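For reference, my_file-v7.tsv (TSV, C-alpha atoms (C1' of nucleotides)):
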chain	number	residue	atom	x	y	z
A	23	MET	CA	-34.57	-21.26	-21.92
A	24	THR	CA	-35.01	-18.23	-24.13
A	25	ARG	CA	-37.32	-18.28	-27.08
A	26	LYS	CA	-34.35	-18.05	-29.39
A	27	GLU	CA	-32.84	-21.16	-27.83
A	28	ARG	CA	-36.19	-22.89	-28.10
A	29	TYR	CA	-36.40	-22.18	-31.82
A	30	ALA	CA	-32.83	-23.39	-32.28
A	31	PHE	CA	-33.64	-26.65	-30.51
A	32	VAL	CA	-36.78	-27.24	-32.56
A	33	LEU	CA	-35.22	-26.41	-35.93
A	34	ASP	CA	-32.20	-28.57	-35.16
A	35	TYR	CA	-34.45	-31.45	-34.15
A	36	PHE	CA	-36.39	-31.28	-37.39
A	37	LYS	CA	-33.19	-31.07	-39.43
A	38	GLN	CA	-32.16	-34.39	-37.93
A	39	HIS	CA	-35.61	-35.99	-37.88
A	40	ALA	CA	-37.27	-34.61	-41.00
A	41	PRO	CA	-40.84	-35.94	-41.07
A	42	ASN	CA	-41.85	-37.73	-44.26
A	43	ALA	CA	-45.07	-36.95	-46.08
A	44	GLU	CA	-47.21	-39.91	-47.05
A	45	THR	CA	-49.22	-37.97	-49.59
A	46	GLU	CA	-48.95	-34.50	-51.03
A	47	LEU	CA	-51.00	-32.45	-53.42
A	48	ILE	CA	-50.28	-33.28	-57.06
A	49	TYR	CA	-49.99	-30.38	-59.52
A	50	ASP	CA	-48.08	-29.22	-62.59
A	51	ASN	CA	-48.43	-25.43	-62.51
A	52	PRO	CA	-49.66	-22.51	-60.36
A	53	TYR	CA	-53.21	-22.86	-61.66
A	54	GLN	CA	-53.37	-26.51	-60.65
A	55	LEU	CA	-51.79	-25.82	-57.27
A	56	LEU	CA	-54.29	-23.07	-56.55
A	57	VAL	CA	-57.21	-25.33	-57.40
A	58	ALA	CA	-55.78	-28.15	-55.29
A	59	VAL	CA	-55.17	-25.95	-52.26
A	60	ILE	CA	-58.66	-24.44	-52.44
A	61	LEU	CA	-60.06	-27.97	-52.50
A	62	SER	CA	-57.88	-29.15	-49.63
A	63	ALA	CA	-59.72	-27.40	-46.81
A	64	GLN	CA	-60.89	-29.97	-44.24
A	65	CYS	CA	-59.95	-32.76	-46.60
A	66	THR	CA	-57.00	-35.09	-47.02
A	67	ASP	CA	-54.50	-34.57	-49.83
A	68	LYS	CA	-55.19	-38.10	-50.95
A	69	ARG	CA	-58.82	-37.37	-51.64
A	70	VAL	CA	-58.00	-34.10	-53.37
A	71	ASN	CA	-55.60	-35.98	-55.64
A	72	MET	CA	-58.41	-38.36	-56.56
A	73	THR	CA	-60.55	-35.54	-57.88
A	74	THR	CA	-58.14	-33.12	-59.53
A	75	PRO	CA	-57.16	-35.17	-62.63
A	76	ALA	CA	-60.73	-35.03	-63.95
A	77	ILE	CA	-60.95	-31.33	-63.16
A	78	PHE	CA	-57.69	-30.52	-64.93
A	79	GLU	CA	-58.67	-32.61	-67.93
A	80	GLU	CA	-62.03	-30.88	-68.28
A	81	TYR	CA	-60.64	-27.44	-67.40
A	82	PRO	CA	-56.96	-27.31	-68.44
A	83	ASP	CA	-56.50	-23.64	-67.51
A	84	VAL	CA	-58.16	-20.74	-65.68
A	85	GLU	CA	-59.78	-19.56	-68.90
A	86	ALA	CA	-61.55	-22.89	-69.31
A	87	LEU	CA	-62.51	-23.01	-65.63
A	88	SER	CA	-63.93	-19.48	-65.82
A	89	HIS	CA	-66.50	-20.75	-68.31
A	90	ALA	CA	-67.54	-23.74	-66.20
A	91	THR	CA	-71.09	-23.87	-64.90
A	92	PHE	CA	-71.98	-24.93	-61.37
A	93	ASP	CA	-73.79	-28.04	-62.61
A	94	GLU	CA	-70.83	-29.14	-64.70
A	95	LEU	CA	-68.22	-28.72	-61.99
A	96	PHE	CA	-70.16	-29.80	-58.93
A	97	PRO	CA	-70.19	-33.56	-59.75
A	98	LEU	CA	-66.39	-33.54	-60.02
A	99	ILE	CA	-66.14	-32.13	-56.50
A	100	ARG	CA	-69.05	-33.93	-54.97
A	101	SER	CA	-66.93	-36.30	-52.89
A	102	ILE	CA	-64.96	-33.55	-51.16
A	103	SER	CA	-65.84	-31.54	-48.07
A	104	TYR	CA	-67.95	-28.47	-48.76
A	105	PRO	CA	-68.58	-29.18	-52.46
A	106	ASN	CA	-71.13	-26.37	-52.79
A	107	ASN	CA	-68.79	-23.70	-51.50
A	108	LYS	CA	-65.77	-25.05	-53.34
A	109	THR	CA	-67.60	-25.22	-56.67
A	110	LYS	CA	-68.64	-21.59	-56.33
A	111	HIS	CA	-65.18	-20.58	-55.15
A	112	LEU	CA	-63.35	-22.27	-58.02
A	113	ILE	CA	-65.53	-20.71	-60.70
A	114	GLY	CA	-65.48	-17.31	-58.99
A	115	MET	CA	-61.71	-17.51	-58.59
A	116	ALA	CA	-61.22	-18.33	-62.29
A	117	LYS	CA	-63.51	-15.52	-63.40
A	118	MET	CA	-61.65	-12.98	-61.29
A	119	VAL	CA	-58.24	-14.19	-62.47
A	120	VAL	CA	-59.40	-13.75	-66.07
A	121	ASP	CA	-61.26	-10.47	-65.58
A	122	LYS	CA	-59.04	-8.67	-63.09
A	123	PHE	CA	-55.62	-10.29	-63.42
A	124	HIS	CA	-55.50	-10.90	-67.20
A	125	GLY	CA	-55.57	-14.66	-66.87
A	126	GLU	CA	-52.42	-14.89	-64.76
A	127	ILE	CA	-52.55	-16.19	-61.19
A	128	PRO	CA	-51.43	-13.19	-59.11
A	129	MET	CA	-48.39	-13.83	-56.96
A	130	THR	CA	-48.75	-11.48	-54.00
A	131	VAL	CA	-50.65	-12.34	-50.82
A	132	GLU	CA	-52.66	-9.11	-51.05
A	133	GLU	CA	-53.91	-9.90	-54.55
A	134	LEU	CA	-54.47	-13.59	-53.94
A	135	VAL	CA	-56.75	-13.05	-50.95
A	136	GLU	CA	-59.05	-11.02	-53.18
A	137	LEU	CA	-59.92	-14.24	-55.01
A	138	PRO	CA	-63.01	-16.16	-53.89
A	139	GLY	CA	-62.06	-19.16	-51.78
A	140	VAL	CA	-58.55	-17.85	-51.15
A	141	GLY	CA	-57.75	-16.80	-47.60
A	142	ARG	CA	-54.45	-15.91	-46.04
A	143	LYS	CA	-53.40	-19.51	-45.48
A	144	THR	CA	-53.92	-20.43	-49.14
A	145	ALA	CA	-52.24	-17.22	-50.36
A	146	ASN	CA	-49.20	-17.97	-48.23
A	147	VAL	CA	-48.99	-21.52	-49.60
A	148	ILE	CA	-49.17	-20.34	-53.22
A	149	THR	CA	-46.60	-17.54	-52.89
A	150	SER	CA	-44.15	-19.64	-50.92
A	151	VAL	CA	-44.38	-22.78	-53.06
A	152	VAL	CA	-44.64	-21.16	-56.49
A	153	ASP	CA	-42.52	-18.04	-56.00
A	154	ASN	CA	-40.37	-19.12	-53.05
A	155	GLN	CA	-41.48	-16.12	-51.01
A	156	PRO	CA	-40.60	-16.51	-47.30
A	157	ASN	CA	-44.23	-16.65	-46.19
A	158	MET	CA	-45.62	-18.92	-43.49
A	159	ALA	CA	-49.00	-20.51	-44.04
A	160	VAL	CA	-50.64	-21.14	-40.68
A	161	ASP	CA	-53.20	-23.90	-40.75
A	162	THR	CA	-54.66	-25.83	-37.87
A	163	HIS	CA	-51.50	-27.97	-37.55
A	164	VAL	CA	-49.00	-25.13	-37.53
A	165	PHE	CA	-51.16	-23.19	-35.09
A	166	ARG	CA	-51.50	-26.09	-32.66
A	167	VAL	CA	-47.91	-27.38	-32.84
A	168	ALA	CA	-46.33	-23.94	-32.54
A	169	ALA	CA	-48.35	-23.25	-29.42
A	170	ARG	CA	-47.61	-26.61	-27.82
A	171	ILE	CA	-43.86	-26.46	-28.25
A	172	GLY	CA	-43.67	-22.82	-27.24
A	173	LEU	CA	-42.75	-21.26	-30.56
A	174	THR	CA	-45.63	-18.86	-30.02
A	175	LEU	CA	-46.65	-17.04	-26.85
A	176	ASN	CA	-50.30	-16.20	-26.35
A	177	ALA	CA	-51.04	-16.37	-30.06
A	178	THR	CA	-54.81	-16.57	-30.38
A	179	THR	CA	-55.08	-16.08	-34.14
A	180	PRO	CA	-53.31	-17.63	-37.16
A	181	LEU	CA	-51.99	-14.20	-38.07
A	182	ALA	CA	-50.36	-13.76	-34.67
A	183	THR	CA	-48.78	-17.20	-35.03
A	184	GLU	CA	-47.54	-16.30	-38.51
A	185	LYS	CA	-45.87	-13.11	-37.31
A	186	GLN	CA	-44.15	-14.75	-34.34
A	187	LEU	CA	-42.83	-17.61	-36.45
A	188	LEU	CA	-41.48	-15.24	-39.10
A	189	GLU	CA	-39.78	-13.20	-36.41
A	190	PHE	CA	-37.66	-16.13	-35.22
A	191	ILE	CA	-37.24	-18.47	-38.19
A	192	PRO	CA	-34.44	-17.60	-40.65
A	193	LYS	CA	-35.90	-16.70	-44.03
A	194	GLU	CA	-34.14	-19.51	-45.84
A	195	LEU	CA	-35.75	-22.02	-43.46
A	196	VAL	CA	-39.31	-20.69	-43.50
A	197	HIS	CA	-40.44	-22.92	-46.33
A	198	ILE	CA	-39.05	-26.16	-44.95
A	199	ALA	CA	-40.01	-25.24	-41.38
A	200	HIS	CA	-43.60	-24.86	-42.54
A	201	HIS	CA	-43.48	-28.37	-43.95
A	202	TRP	CA	-41.92	-29.76	-40.80
A	203	LEU	CA	-44.60	-28.25	-38.59
A	204	ILE	CA	-47.40	-29.48	-40.84
A	205	LEU	CA	-46.13	-33.03	-40.96
A	206	HIS	CA	-45.26	-33.14	-37.28
A	207	GLY	CA	-48.80	-32.02	-36.54
A	208	ARG	CA	-50.31	-34.50	-38.96
A	209	TYR	CA	-48.48	-37.60	-37.82
A	210	ILE	CA	-47.07	-37.04	-34.32
A	211	CYS	CA	-48.47	-33.98	-32.60
A	212	ILE	CA	-52.04	-34.80	-33.56
A	213	ALA	CA	-54.86	-32.78	-32.07
A	214	ARG	CA	-56.53	-35.16	-29.65
A	215	THR	CA	-53.95	-37.50	-28.16
A	216	PRO	CA	-50.50	-36.54	-29.43
A	217	LYS	CA	-47.92	-39.32	-29.70
A	218	CYS	CA	-45.53	-37.84	-27.19
A	219	ASP	CA	-43.66	-41.12	-26.82
A	220	GLU	CA	-42.52	-40.75	-30.44
A	221	CYS	CA	-41.60	-37.09	-30.10
A	222	GLY	CA	-38.14	-35.74	-29.39
A	223	LEU	CA	-39.44	-32.28	-28.64
A	224	LYS	CA	-40.64	-33.15	-25.15
A	225	PRO	CA	-37.87	-31.05	-23.50
A	226	VAL	CA	-39.32	-27.87	-24.98
A	227	CYS	CA	-42.97	-28.89	-25.13
A	228	LYS	CA	-45.37	-26.99	-22.92
A	229	TYR	CA	-48.19	-29.40	-23.69
A	230	TYR	CA	-46.11	-32.38	-22.57
A	231	GLN	CA	-44.87	-30.66	-19.43
A	232	LYS	CA	-48.37	-29.67	-18.48
A	233	ASN	CA	-50.58	-32.58	-19.55
A	234	VAL	CA	-48.51	-35.70	-20.13
A	235	LYS	CA	-45.40	-35.71	-17.98
A	236	PRO	CA	-45.72	-38.37	-15.25
A	237	GLY	CA	-46.48	-37.01	-11.81
A	238	VAL	CA	-48.09	-33.87	-13.12
A	239	LYS	CA	-51.81	-33.62	-12.90
A	240	ALA	CA	-53.48	-33.50	-16.29
A	241	ILE	CA	-55.51	-30.43	-17.00
A	242	GLY	CA	-57.13	-31.46	-20.24
B	11	DA	C1'	-67.14	-40.25	-32.67
B	12	DT	C1'	-63.40	-37.44	-34.59
B	13	DC	C1'	-60.33	-35.87	-37.77
B	14	DC	C1'	-58.70	-33.86	-42.43
B	15	DC	C1'	-52.72	-28.28	-45.00
B	16	DG	C1'	-60.12	-23.07	-44.24
B	17	DA	C1'	-63.02	-19.38	-45.96
B	18	DG	C1'	-66.91	-16.42	-45.75
B	19	DG	C1'	-70.47	-14.38	-43.47
B	20	DG	C1'	-73.02	-12.74	-39.36
C	11	DC	C1'	-65.61	-13.14	-31.81
C	12	DC	C1'	-68.91	-16.91	-33.42
C	13	DC	C1'	-71.19	-20.02	-36.82
C	14	DT	C1'	-71.92	-22.72	-41.11
C	15	DC	C1'	-70.55	-25.40	-44.93
C	16	DT	C1'	-70.17	-30.81	-45.53
C	17	DG	C1'	-67.95	-35.89	-47.30
C	18	DG	C1'	-65.15	-39.70	-46.49
C	19	DA	C1'	-61.69	-42.45	-43.80
C	20	DT	C1'	-60.56	-44.43	-39.45
Could you express the structure from this file as structure tokens?
Amino acid sequence: MTRKERYAFVLDYFKQHAPNAETELIYDNPYQLLVAVILSAQCTDKRVNMTTPAIFEEYPDVEALSHATFDELFPLIRSISYPNNKTKHLIGMAKMVVDKFHGEIPMTVEELVELPGVGRKTANVITSVVDNQPNMAVDTHVFRVAARIGLTLNATTPLATEKQLLEFIPKELVHIAHHWLILHGRYICIARTPKCDECGLKPVCKYYQKNVKPGVKAIG
DNA sequence: ATCCCGAGGG
DNA sequence: CCCTCTGGAT
């Protein structure tokens, strides 16, 4: 099976078995999405959604957030992973947007990654969701799932995974494919003990062939 | 115990 | 490349 055929099989499978999201980040504009995505690292969307309403009420735009002090913002983020870092990142991000980008959230990956707390994954999410740019955000789910089902070959970094996926996925499907991979990784192809019995991708899955398939010795 | 749509610094 | 940050749900 060629890699092209493998991609065709996977994309066709997801088209017919589109995974459903239980919770997603709630936002009304690019500013709110950026804040929510920065907060979402190592944290469930559900918990992010519990904290953002208070943040958006207190700081309705980047200008307001740029004037926040650490002690004001920290309590609103306290219940999320890495509250110290995220508080600093949010304020630093807002200050830079105001000072360097005239109060407008920049909409290129190169500019976005200049912002504190914004790495390549977050920049790809913002540009693809807000501006419909065909960019692929590679988080832990996309990285793991792509490797398991053979969409990537010897990809050891998120950037390598991103490039290989973009090479084979049609531009108009990049956005939805990203969502499919995320949700498949979150609910079926989970990190520890993937639910292979619920997965129709077994025929192309290297992980299944190697570690789960009956009669084949597990490697770990 | 282990997992959640990572980023920054060494 | 590695490590740290760091809270809540299951």
Atom-to-atom span, atom CA of Leu112 of chain A and atom C1' of DT12 of chain B, Å: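 Separation between atom CA of Leu112 of chain A and atom C1' of DT12 of chain B: 27.9 Å.
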Using all atoms listed in the file, what residues lie at most 12 Å away from (-65.8, -25.1, -66.4) (file coordinates), given as a VMD selection string? chain A and resid 76 to 98 109 to 110 112 to 117
Applying 12 Å and only C-alpha atoms (C1' of nucleotides), which residues near DC11 of chain C remain after dropping the ones on its own chain fewer than 2 positions away? List them as a ChimeraX atom specification. /A:178-179 /B:20 /C:13
Would you mind exporting the chosen residues as a short mmCIF file (atom, residue, chain, number, x, y, z; two decimals), in the frame of the given file, restricted to C-alpha atoms (C1' of nucleotides)?
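Written file, result.cif:
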data_model
loop_
_atom_site.label_atom_id
_atom_site.label_comp_id
_atom_site.auth_asym_id
_atom_site.auth_seq_id
_atom_site.Cartn_x
_atom_site.Cartn_y
_atom_site.Cartn_z
CA THR A 178 -54.81 -16.57 -30.38
CA THR A 179 -55.08 -16.08 -34.14
"C1'" DG B 20 -73.02 -12.74 -39.36
"C1'" DC C 13 -71.19 -20.02 -36.82
#
I'd like the interatomic distance between atom CA of Leu33 of chain A and atom CA of Ala58 of chain A, to a tenth of an Å.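 Straight-line distance from atom CA of Leu33 of chain A to atom CA of Ala58 of chain A works out to 28.3 Å.
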Could you work out which residues of chain A fall inside 10 Å of chain C? Count all atoms listed in the file, and format the result as a ChimeraX atom specification. /A:64-66,69,100-108
Can you tell me which residues surround segment 138-153 of chain A at a distance of at most 7 Å, considering all atoms listed in the file, apart from same-chain residues fewer than 4 positions away, and format the answer as a list in words? Pro52, Leu56, Val59, Ile60, His111, Gly114, Met115, Met129, Thr130, Val131, Leu134, Asn157, Met158, Ala159, Val160, Asp161 and His197 of chain A; DA17 of chain B
Same residues, C-alpha atoms (C1' of nucleotides), saved as a PDB file, keeping the file's coordinate frame:
ATOM      1  CA  PRO A  52     -49.660 -22.510 -60.360  1.00  0.00           C
ATOM      2  CA  LEU A  56     -54.290 -23.070 -56.550  1.00  0.00           C
ATOM      3  CA  VAL A  59     -55.170 -25.950 -52.260  1.00  0.00           C
ATOM      4  CA  ILE A  60     -58.660 -24.440 -52.440  1.00  0.00           C
ATOM      5  CA  HIS A 111     -65.180 -20.580 -55.150  1.00  0.00           C
ATOM      6  CA  GLY A 114     -65.480 -17.310 -58.990  1.00  0.00           C
ATOM      7  CA  MET A 115     -61.710 -17.510 -58.590  1.00  0.00           C
ATOM      8  CA  MET A 129     -48.390 -13.830 -56.960  1.00  0.00           C
ATOM      9  CA  THR A 130     -48.750 -11.480 -54.000  1.00  0.00           C
ATOM     10  CA  VAL A 131     -50.650 -12.340 -50.820  1.00  0.00           C
ATOM     11  CA  LEU A 134     -54.470 -13.590 -53.940  1.00  0.00           C
ATOM     12  CA  ASN A 157     -44.230 -16.650 -46.190  1.00  0.00           C
ATOM     13  CA  MET A 158     -45.620 -18.920 -43.490  1.00  0.00           C
ATOM     14  CA  ALA A 159     -49.000 -20.510 -44.040  1.00  0.00           C
ATOM     15  CA  VAL A 160     -50.640 -21.140 -40.680  1.00  0.00           C
ATOM     16  CA  ASP A 161     -53.200 -23.900 -40.750  1.00  0.00           C
ATOM     17  CA  HIS A 197     -40.440 -22.920 -46.330  1.00  0.00           C
TER      18      HIS A 197
ATOM     19  C1'  DA B  17     -63.020 -19.380 -45.960  1.00  0.00           C
TER      20       DA B  17
END
Counting only C-alpha atoms (C1' of nucleotides), which residues come within 12 Å of (-39.7, -26.9, -30.1), with the point read in the file's coordinates, and could you list them as a count of residues only? 39
Quick one, how far is atom CA of Ile127 of chain A from atom CA of Ile198 of chain A?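 We find that atom CA of Ile127 of chain A and atom CA of Ile198 of chain A lie 23.4 Å from each other.
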Would you mind listing, as number ranges by chain, all residues of chain B that have at least one atom within 7 Å of chain A, where all atoms listed in the file are what counts? B: 14-17
